[in-house]
Amino acid sequence: MASSQLPPPQLSERITRLTSSLVREILAAAQAPGMISFAGGLPSAEAMPLLRDMPHSHDWMSPVFQQYGQSEGEPILRARLADWLAECGMQVSPQQTLVLSGSQQGIDLAAKLFVDPGTPMLCEAPTYLAALQAFQLFGANCLGLPLTDDGIDPALLAQMIETHKPRAIYLIPTFQNPSGHCYSAENRRALAEVLDHYALPLIEDEPYRELMYDEVDRTPICSLLKRAPWIYLGSFSKTLWPGWRVGFLAASSDLFPHLLRLKQAGDLHTNRPGQIRVANWLACNERHQDLMNLRNTYRTKRDAMNNALTTTFGHLADWETPAGGLFFWLKLRNAKDTRPLLKIALEHNVVFMPGEAFYPASGEPAFGTMRLNFSHANADDMKKGLATLAKIFEEYK
Ligand SMILES: Cc1ncc(COP(=O)(O)O)c(C=O)c1O
């Protein structure tokens with residue numbers, strides 16, 4: 001039978017909710033030669049640590065690590081993750097850690113753990129697009145909490161919990177994607193109290209934690225919880241190499257066994273050579289210098305972007321200088337939908353992320369926002385690309 005005569009395959013009902021991520025589509029356009037990209041969150045190759053093997057390193061090429069491994073992850077990596085988390089202020093045992101194929105997998109596991117069709121889930125507005133995509137695939141009704149200068153309003157959080165009875169909340173408190181915000185110490189404590197009061201599970205996602213350029217409080221909210229269940233997600237994609245696909249979670253003991261089984265069902269385990277390379281890096285003395293180099297490189301890029309923005313967008317938009325992470329979040333004074341401008345920008349070989357895309361469907365998007373990445377473009381392209389963008393936005397006015 002010719003394929004045109006075949007009936008269409010029957011797919012699960014959740015496939016109707018599977019949206020293609022705007023970021024992925026824009027990233028494809030951003031690869032075109034000559035394109036100046038402010039769109040993705042790609043780490044800069046010049047900032048990434050050198051790949052080196054130390055004399056004391058475990059041999060990641062050994063046949064042992066080419067075999068199937070444990071779903072939990074390599075014991076040596078789990079032990080070092082517990083030490084690394086202790087440095088971040090989280091007291092967890094290696095048995096509470098689970099190695100992931102990128103922290104994106106942790107979001108997927110959390111979605112499978114909590115979400116049925118119609119389940120209310122709380123998140124920030126705006127929030128990470130691919131988290132919305134993962135929660136919505138399983139039918140979540142994602143309800144957004146507006147970001148304030150401080151974090152999110154604890155009174156509003158309590159009210160949303162009372163009204164909507166959500167099953168969990170997803171937050172990115174440190175150098176948030178897309179806004180670059182970092183929650184204050186007081187806000188972190190106040191939110192932990194509310195979550196404890198309602199025993200609402202927290203999914204805390206921290207891939208940008210190490211990219212800190214100005215000293216700020218980064219206490220994990222999970223470390224402040226006394227009774228609410230929690231999942232803490234971390235990643236080496238922004239500090240080492242995203243292509244290794246090594247991330248991790250730590251979770252409270254009531255959630256951990258379910259997450260482990262979900263991981264097993266999903267991909268058996270994370271790639272072993274990559275895990276060993278991360279474990280080696282965590283044990284090497286050079287890692288402190290690596291992180292310092294990374295921060296210095298990105299701080300210089302951030303400052304260059306801030307200067308270029310001041311000359312090009314100073315009369316068009318307002319923004320805060322992010323203390324860490326990879327993004328500037330611009331609020332245009334002429335608050336119109338920026339999505340139609342993306343096509344015009346692409347015709348001029350510049351690409352940015354319209355801010356409207358980062359809002360959960362249930363609320364009103366804040367029109368006139370955009371996310372600009374500063375890690376990827378070099379200094380000359382940065383100036384040139386921003387001048388082009390500003391001209392497009394000026395004409396739109
Ligand atoms: C907030 C957030 N969470 C998770 C991820 C996924 O990171 P990973 O490469 O560890 O899967 C990203 C990637 O950009 C992100 O911005």
# chains A, B, ... in the order shown; residues from 1 in each chain; ligands from 1

call {"tool": "residues_around", "arguments": {"residues": "stretch 155-164 of chain A", "least_positions_apart": "3", "cutoff": "12 Å", "atoms": "only C-alpha atoms", "output": "MDAnalysis selection string"}}
result
chainID A and resid 118:124 141:148 151:152 167:169 171 187 190:201

call {"tool": "residues_near_ligand", "arguments": {"ligand": "ligand 1", "cutoff": "9 Å", "atoms": "only C-alpha atoms and all ligand atoms", "output": "VMD selection string"}}
result
chain A and resid 40 to 42 100 to 107 127 to 131 171 to 172 175 to 178 205 to 208 233 to 238 241 to 248

call {"tool": "write_last_selection", "arguments": {"atoms": "N, CA and C atoms", "output": "tab-separated table (two decimals), in the first residue's frame"}}
result
chain	number	residue	atom	x	y	z
A	40	GLY	N	19.73	32.48	22.05
A	40	GLY	CA	19.83	31.26	22.87
A	40	GLY	C	20.53	31.52	24.19
A	41	GLY	N	20.83	30.44	24.89
A	41	GLY	CA	21.59	30.56	26.14
A	41	GLY	C	22.89	29.79	26.01
A	42	LEU	N	23.46	29.81	24.78
A	42	LEU	CA	24.65	29.00	24.54
A	42	LEU	C	25.84	29.54	25.31
A	100	LEU	N	21.51	13.04	36.26
A	100	LEU	CA	20.53	13.20	35.18
A	100	LEU	C	21.24	13.46	33.85
A	101	SER	N	20.52	13.20	32.77
A	101	SER	CA	21.03	13.57	31.44
A	101	SER	C	20.62	15.02	31.20
A	102	GLY	N	21.30	15.94	31.86
A	102	GLY	CA	20.94	17.37	31.83
A	102	GLY	C	19.83	17.65	32.82
A	103	SER	N	19.78	18.88	33.33
A	103	SER	CA	18.72	19.17	34.30
A	103	SER	C	17.36	19.22	33.62
A	104	GLN	N	17.36	19.35	32.29
A	104	GLN	CA	16.08	19.28	31.57
A	104	GLN	C	15.37	17.97	31.87
A	105	GLN	N	16.15	16.89	32.04
A	105	GLN	CA	15.53	15.61	32.37
A	105	GLN	C	14.85	15.67	33.73
A	106	GLY	N	15.41	16.44	34.65
A	106	GLY	CA	14.79	16.58	35.97
A	106	GLY	C	13.41	17.23	35.87
A	107	ILE	N	13.29	18.19	34.96
A	107	ILE	CA	11.99	18.86	34.76
A	107	ILE	C	10.99	17.83	34.20
A	127	THR	N	8.77	32.53	32.82
A	127	THR	CA	9.57	31.38	33.26
A	127	THR	C	10.25	30.70	32.07
A	128	TYR	N	11.01	29.65	32.38
A	128	TYR	CA	11.77	28.91	31.36
A	128	TYR	C	10.80	28.19	30.43
A	129	LEU	N	10.94	28.51	29.16
A	129	LEU	CA	10.01	28.03	28.15
A	129	LEU	C	9.91	26.50	28.08
A	130	ALA	N	11.06	25.83	28.15
A	130	ALA	CA	11.06	24.38	28.00
A	130	ALA	C	10.48	23.69	29.25
A	131	ALA	N	10.39	24.41	30.38
A	131	ALA	CA	9.70	23.84	31.55
A	131	ALA	C	8.20	23.92	31.30
A	171	LEU	N	10.39	26.89	40.47
A	171	LEU	CA	11.04	28.21	40.58
A	171	LEU	C	12.50	28.15	40.13
A	172	ILE	N	12.98	29.29	39.62
A	172	ILE	CA	14.40	29.44	39.24
A	172	ILE	C	14.90	30.68	40.00
A	175	PHE	N	19.42	33.91	39.29
A	175	PHE	CA	19.72	34.35	37.92
A	175	PHE	C	18.71	33.71	36.95
A	176	GLN	N	17.49	34.04	37.21
A	176	GLN	CA	16.35	33.39	36.57
A	176	GLN	C	16.42	33.48	35.04
A	177	ASN	N	15.94	32.47	34.40
A	177	ASN	CA	15.76	32.48	32.95
A	177	ASN	C	14.26	32.65	32.71
A	178	PRO	N	13.81	33.72	32.09
A	178	PRO	CA	14.55	34.66	31.23
A	178	PRO	C	14.97	35.99	31.88
A	205	ASP	N	15.16	25.03	40.34
A	205	ASP	CA	16.01	24.75	39.18
A	205	ASP	C	17.15	25.78	39.15
A	206	GLU	N	18.39	25.31	39.22
A	206	GLU	CA	19.52	26.24	39.42
A	206	GLU	C	20.67	26.06	38.43
A	207	PRO	N	20.40	26.05	37.11
A	207	PRO	CA	21.53	25.82	36.19
A	207	PRO	C	22.53	26.97	36.12
A	208	TYR	N	22.10	28.19	36.53
A	208	TYR	CA	22.97	29.37	36.36
A	208	TYR	C	23.71	29.74	37.63
A	233	LEU	N	17.35	20.93	41.35
A	233	LEU	CA	17.97	20.56	40.08
A	233	LEU	C	19.24	21.37	39.82
A	234	GLY	N	20.29	20.67	39.44
A	234	GLY	CA	21.55	21.35	39.10
A	234	GLY	C	22.06	20.85	37.76
A	235	SER	N	23.01	21.59	37.20
A	235	SER	CA	23.50	21.25	35.86
A	235	SER	C	24.96	21.63	35.70
A	236	PHE	N	25.69	20.90	34.86
A	236	PHE	CA	27.05	21.30	34.51
A	236	PHE	C	27.10	21.87	33.09
A	237	SER	N	25.92	22.11	32.52
A	237	SER	CA	25.86	22.60	31.14
A	237	SER	C	26.42	24.01	31.00
A	238	LYS	N	26.28	24.82	32.03
A	238	LYS	CA	26.71	26.22	31.90
A	238	LYS	C	28.08	26.44	32.52
A	241	TRP	N	30.46	21.68	30.00
A	241	TRP	CA	30.08	21.64	28.59
A	241	TRP	C	28.67	21.06	28.45
A	242	PRO	N	27.77	21.78	27.75
A	242	PRO	CA	26.39	21.29	27.64
A	242	PRO	C	26.27	19.99	26.85
A	243	GLY	N	27.25	19.76	25.95
A	243	GLY	CA	27.19	18.54	25.14
A	243	GLY	C	27.41	17.28	25.94
A	244	TRP	N	27.97	17.38	27.13
A	244	TRP	CA	28.15	16.18	27.96
A	244	TRP	C	26.83	15.70	28.52
A	245	ARG	N	25.85	16.59	28.60
A	245	ARG	CA	24.51	16.27	29.13
A	245	ARG	C	24.60	15.64	30.53
A	246	VAL	N	25.27	16.33	31.43
A	246	VAL	CA	25.31	15.85	32.81
A	246	VAL	C	24.70	16.90	33.73
A	247	GLY	N	23.62	16.51	34.36
A	247	GLY	CA	22.98	17.32	35.39
A	247	GLY	C	22.69	16.41	36.57
A	248	PHE	N	21.98	16.93	37.55
A	248	PHE	CA	21.68	16.08	38.71
A	248	PHE	C	20.48	16.64	39.46

call {"tool": "residues_around", "arguments": {"residues": "stretch 82-92 of chain A", "least_positions_apart": "4", "cutoff": "8 Å", "atoms": "only C-alpha atoms", "output": "list in words"}}
result
Arg78, Gln96, Thr97, Thr219, Pro220, Cys222, Ser223, Ala250 and Leu282 of chain A

call {"tool": "residues_around", "arguments": {"residues": "stretch 331-346 of chain A", "least_positions_apart": "6", "cutoff": "7 Å", "atoms": "only C-alpha atoms", "output": "VMD selection string"}}
result
chain A and resid 316 to 319 352 354 367 to 370 389 397

call {"tool": "select_by_dssp", "arguments": {"residues": "stretch 190-389 of chain A", "states": "helix (DSSP H, G or I)", "output": "JSON list (two decimals) with C-alpha atoms, in the first residue's frame"}}
result
[["chain", "number", "residue", "atom", "x", "y", "z"],
["A", 190, "ALA", "CA", 9.52, 34.08, 53.38],
["A", 191, "LEU", "CA", 8.74, 31.74, 50.47],
["A", 192, "ALA", "CA", 10.13, 28.74, 52.36],
["A", 193, "GLU", "CA", 7.80, 29.54, 55.26],
["A", 194, "VAL", "CA", 4.76, 29.65, 52.98],
["A", 195, "LEU", "CA", 5.74, 26.40, 51.24],
["A", 196, "ASP", "CA", 6.28, 24.71, 54.61],
["A", 197, "HIS", "CA", 2.96, 25.98, 55.90],
["A", 198, "TYR", "CA", 1.08, 24.37, 52.99],
["A", 221, "ILE", "CA", 15.20, 27.63, 49.05],
["A", 222, "CYS", "CA", 15.20, 23.82, 49.35],
["A", 223, "SER", "CA", 17.82, 24.12, 52.11],
["A", 224, "LEU", "CA", 15.41, 26.31, 54.14],
["A", 242, "PRO", "CA", 26.39, 21.29, 27.64],
["A", 243, "GLY", "CA", 27.19, 18.54, 25.14],
["A", 244, "TRP", "CA", 28.15, 16.18, 27.96],
["A", 256, "PHE", "CA", 13.41, 10.33, 45.70],
["A", 257, "PRO", "CA", 12.35, 6.67, 45.14],
["A", 258, "HIS", "CA", 9.72, 7.72, 42.57],
["A", 259, "LEU", "CA", 12.20, 9.92, 40.72],
["A", 260, "LEU", "CA", 14.71, 7.07, 40.59],
["A", 261, "ARG", "CA", 12.15, 4.72, 39.05],
["A", 262, "LEU", "CA", 11.10, 7.36, 36.55],
["A", 263, "LYS", "CA", 14.75, 7.86, 35.56],
["A", 264, "GLN", "CA", 15.13, 4.09, 35.14],
["A", 265, "ALA", "CA", 12.06, 3.95, 32.92],
["A", 266, "GLY", "CA", 13.24, 6.95, 30.92],
["A", 267, "ASP", "CA", 16.82, 6.18, 29.90],
["A", 272, "ARG", "CA", 29.03, 7.09, 32.11],
["A", 273, "PRO", "CA", 32.15, 8.65, 30.51],
["A", 274, "GLY", "CA", 30.56, 12.08, 30.90],
["A", 275, "GLN", "CA", 29.78, 11.40, 34.57],
["A", 276, "ILE", "CA", 33.40, 10.40, 35.21],
["A", 277, "ARG", "CA", 34.71, 13.55, 33.54],
["A", 278, "VAL", "CA", 32.46, 15.69, 35.76],
["A", 279, "ALA", "CA", 33.52, 13.72, 38.87],
["A", 280, "ASN", "CA", 37.20, 14.31, 37.92],
["A", 281, "TRP", "CA", 36.59, 18.04, 37.49],
["A", 282, "LEU", "CA", 34.81, 18.27, 40.86],
["A", 283, "ALA", "CA", 37.90, 16.75, 42.53],
["A", 286, "GLU", "CA", 41.88, 23.81, 39.09],
["A", 287, "ARG", "CA", 38.11, 23.99, 39.36],
["A", 288, "HIS", "CA", 38.22, 27.13, 41.52],
["A", 289, "GLN", "CA", 40.37, 28.87, 38.92],
["A", 290, "ASP", "CA", 38.08, 27.56, 36.15],
["A", 291, "LEU", "CA", 35.05, 29.10, 37.82],
["A", 292, "MET", "CA", 36.89, 32.37, 38.35],
["A", 293, "ASN", "CA", 37.86, 32.51, 34.66],
["A", 294, "LEU", "CA", 34.31, 31.72, 33.66],
["A", 295, "ARG", "CA", 32.92, 34.51, 35.84],
["A", 296, "ASN", "CA", 35.55, 37.01, 34.69],
["A", 297, "THR", "CA", 34.86, 36.28, 31.02],
["A", 298, "TYR", "CA", 31.12, 36.60, 31.40],
["A", 299, "ARG", "CA", 31.35, 39.65, 33.66],
["A", 300, "THR", "CA", 33.32, 41.44, 30.92],
["A", 301, "LYS", "CA", 30.72, 40.41, 28.36],
["A", 302, "ARG", "CA", 27.87, 41.50, 30.61],
["A", 303, "ASP", "CA", 29.46, 44.92, 31.13],
["A", 304, "ALA", "CA", 30.11, 45.33, 27.41],
["A", 305, "MET", "CA", 26.46, 44.48, 26.74],
["A", 306, "ASN", "CA", 25.29, 46.93, 29.39],
["A", 307, "ASN", "CA", 27.33, 49.73, 27.78],
["A", 308, "ALA", "CA", 26.15, 48.87, 24.29],
["A", 309, "LEU", "CA", 22.55, 48.74, 25.51],
["A", 310, "THR", "CA", 22.88, 52.15, 27.17],
["A", 311, "THR", "CA", 23.94, 53.78, 23.91],
["A", 312, "THR", "CA", 21.45, 51.93, 21.70],
["A", 313, "PHE", "CA", 18.38, 51.19, 23.86],
["A", 339, "ARG", "CA", 6.90, 38.94, 18.38],
["A", 340, "PRO", "CA", 6.16, 40.53, 14.97],
["A", 341, "LEU", "CA", 9.57, 42.26, 15.14],
["A", 342, "LEU", "CA", 11.45, 38.97, 15.23],
["A", 343, "LYS", "CA", 10.79, 38.36, 11.52],
["A", 344, "ILE", "CA", 12.06, 41.86, 10.63],
["A", 345, "ALA", "CA", 15.13, 41.37, 12.85],
["A", 346, "LEU", "CA", 15.89, 38.05, 11.14],
["A", 347, "GLU", "CA", 15.77, 39.79, 7.74],
["A", 355, "GLY", "CA", 9.62, 38.08, 26.02],
["A", 356, "GLU", "CA", 5.96, 37.24, 25.45],
["A", 357, "ALA", "CA", 6.92, 33.62, 24.70],
["A", 358, "PHE", "CA", 7.99, 33.02, 28.32],
["A", 379, "ALA", "CA", 32.00, 42.74, 21.32],
["A", 380, "ASP", "CA", 31.82, 44.15, 17.76],
["A", 381, "ASP", "CA", 28.81, 42.05, 16.80],
["A", 382, "MET", "CA", 27.15, 43.00, 20.07],
["A", 383, "LYS", "CA", 27.33, 46.71, 19.23],
["A", 384, "LYS", "CA", 26.37, 46.19, 15.60],
["A", 385, "GLY", "CA", 23.47, 43.84, 16.41],
["A", 386, "LEU", "CA", 22.03, 46.06, 19.15],
["A", 387, "ALA", "CA", 22.23, 49.16, 16.92],
["A", 388, "THR", "CA", 20.30, 47.27, 14.22],
["A", 389, "LEU", "CA", 17.71, 46.04, 16.73]]

call {"tool": "closest_residue", "arguments": {"among": "A:Leu268, A:Ile26, A:Ala390, A:Ala185", "to": "A:Gln70", "atoms": "only C-alpha atoms"}}
result
A:Leu268

call {"tool": "closest_residue", "arguments": {"among": "A:Gly34, A:Leu11, A:Gly324, A:Pro229", "to": "A:Arg209", "atoms": "only C-alpha atoms"}}
result
A:Gly324

call {"tool": "select_by_dssp", "arguments": {"residues": "stretch 122-173 of chain A", "states": "strand (DSSP E)", "output": "list in words"}}
result
Leu122, Cys123, Glu124, Ala125, Asn141, Cys142, Leu143, Gly144, Leu145, Pro146, Ala168, Ile169, Tyr170 and Leu171 of chain A

call {"tool": "write_last_selection", "arguments": {"atoms": "all heavy atoms", "output": "CSV table (one decimal), in the first residue's frame"}}
result
chain,number,residue,atom,x,y,z
A,122,LEU,N,2.2,25.8,39.9
A,122,LEU,CA,2.6,27.2,39.9
A,122,LEU,C,4.0,27.4,39.3
A,122,LEU,O,4.8,26.5,39.4
A,122,LEU,CB,2.6,27.7,41.4
A,122,LEU,CG,1.3,27.7,42.1
A,122,LEU,CD1,1.5,28.3,43.6
A,122,LEU,CD2,0.2,28.5,41.4
A,123,CYS,N,4.2,28.5,38.7
A,123,CYS,CA,5.5,28.9,38.2
A,123,CYS,C,5.7,30.4,38.2
A,123,CYS,O,4.7,31.1,38.5
A,123,CYS,CB,5.7,28.3,36.8
A,123,CYS,SG,4.5,28.9,35.6
A,124,GLU,N,6.8,30.9,37.9
A,124,GLU,CA,7.0,32.3,37.7
A,124,GLU,C,6.5,32.8,36.4
A,124,GLU,O,6.4,32.0,35.4
A,124,GLU,CB,8.5,32.6,37.8
A,124,GLU,CG,9.2,32.3,39.1
A,124,GLU,CD,10.6,31.7,38.8
A,124,GLU,OE1,10.9,31.0,37.8
A,124,GLU,OE2,11.5,32.0,39.7
A,125,ALA,N,6.1,34.0,36.3
A,125,ALA,CA,5.7,34.6,35.0
A,125,ALA,C,6.5,35.9,34.8
A,125,ALA,O,6.4,36.8,35.6
A,125,ALA,CB,4.2,35.0,35.0
A,141,ASN,N,-2.0,22.8,34.1
A,141,ASN,CA,-2.5,24.1,34.0
A,141,ASN,C,-1.5,25.0,34.7
A,141,ASN,O,-1.5,25.1,36.0
A,141,ASN,CB,-3.9,24.2,34.7
A,141,ASN,CG,-4.5,25.6,34.7
A,141,ASN,OD1,-4.0,26.4,33.9
A,141,ASN,ND2,-5.5,25.8,35.5
A,142,CYS,N,-0.6,25.6,34.0
A,142,CYS,CA,0.5,26.4,34.6
A,142,CYS,C,0.0,27.8,35.0
A,142,CYS,O,-0.5,28.5,34.1
A,142,CYS,CB,1.7,26.5,33.7
A,142,CYS,SG,2.5,24.9,33.4
A,143,LEU,N,0.1,28.1,36.2
A,143,LEU,CA,-0.4,29.4,36.7
A,143,LEU,C,0.8,30.2,37.1
A,143,LEU,O,1.6,29.8,38.0
A,143,LEU,CB,-1.3,29.2,37.9
A,143,LEU,CG,-2.5,28.2,37.7
A,143,LEU,CD1,-3.1,27.7,39.0
A,143,LEU,CD2,-3.5,29.0,36.9
A,144,GLY,N,0.9,31.4,36.6
A,144,GLY,CA,2.1,32.2,36.8
A,144,GLY,C,2.0,33.2,37.9
A,144,GLY,O,1.0,33.8,38.1
A,145,LEU,N,3.1,33.3,38.6
A,145,LEU,CA,3.2,34.4,39.7
A,145,LEU,C,4.2,35.4,39.2
A,145,LEU,O,5.3,35.1,38.8
A,145,LEU,CB,3.8,33.7,41.0
A,145,LEU,CG,2.9,32.8,41.7
A,145,LEU,CD1,3.7,31.7,42.4
A,145,LEU,CD2,2.1,33.6,42.8
A,146,PRO,N,3.7,36.7,39.2
A,146,PRO,CA,4.6,37.7,38.6
A,146,PRO,C,5.9,37.9,39.4
A,146,PRO,O,5.8,37.8,40.6
A,146,PRO,CB,3.7,39.0,38.7
A,146,PRO,CG,2.5,38.7,39.4
A,146,PRO,CD,2.4,37.2,39.6
A,168,ALA,N,2.4,21.4,42.9
A,168,ALA,CA,3.8,21.8,43.1
A,168,ALA,C,4.1,23.1,42.5
A,168,ALA,O,3.2,23.7,41.8
A,168,ALA,CB,4.7,20.7,42.4
A,169,ILE,N,5.2,23.7,42.9
A,169,ILE,CA,5.7,25.0,42.3
A,169,ILE,C,7.1,24.8,41.7
A,169,ILE,O,7.9,24.1,42.3
A,169,ILE,CB,5.6,26.1,43.4
A,169,ILE,CG1,6.0,27.4,42.7
A,169,ILE,CG2,6.5,25.8,44.6
A,169,ILE,CD1,5.7,28.6,43.6
A,170,TYR,N,7.3,25.4,40.5
A,170,TYR,CA,8.6,25.4,39.9
A,170,TYR,C,9.2,26.8,39.9
A,170,TYR,O,8.6,27.7,39.4
A,170,TYR,CB,8.4,24.9,38.4
A,170,TYR,CG,9.6,25.1,37.5
A,170,TYR,CD1,10.7,24.2,37.6
A,170,TYR,CD2,9.7,26.1,36.6
A,170,TYR,CE1,11.8,24.3,36.8
A,170,TYR,CE2,10.8,26.3,35.8
A,170,TYR,CZ,11.8,25.4,35.9
A,170,TYR,OH,12.9,25.6,35.1
A,171,LEU,N,10.4,26.9,40.5
A,171,LEU,CA,11.0,28.2,40.6
A,171,LEU,C,12.5,28.1,40.1
A,171,LEU,O,13.2,27.1,40.3
A,171,LEU,CB,11.0,28.7,42.0
A,171,LEU,CG,9.7,28.9,42.7
A,171,LEU,CD1,9.9,29.3,44.2
A,171,LEU,CD2,8.9,30.0,42.0

call {"tool": "atom_distance", "arguments": {"atom1": "atom CA of A:Ser37", "atom2": "atom CA of A:Arg17"}}
result
28.9 Å

call {"tool": "atom_distance", "arguments": {"atom1": "atom CA of A:Asp150", "atom2": "atom CA of A:Thr174"}}
result
11.4 Å

call {"tool": "atom_distance", "arguments": {"atom1": "atom CA of A:Gln136", "atom2": "atom CA of A:Val115"}}
result
8.6 Å

call {"tool": "closest_residue", "arguments": {"among": "A:Ala323, A:Asn349, A:Thr270, A:Ala361", "to": "A:Leu132", "atoms": "only C-alpha atoms"}}
result
A:Ala361

call {"tool": "closest_residue", "arguments": {"among": "A:Pro322, A:Cys182, A:Glu46, A:Trp329", "to": "A:Pro126", "atoms": "only C-alpha atoms"}}
result
A:Trp329

call {"tool": "closest_residue", "arguments": {"among": "A:Asp116, A:Asp217, A:Glu394, A:Glu204", "to": "A:Pro166", "atoms": "only C-alpha atoms"}}
result
A:Asp116
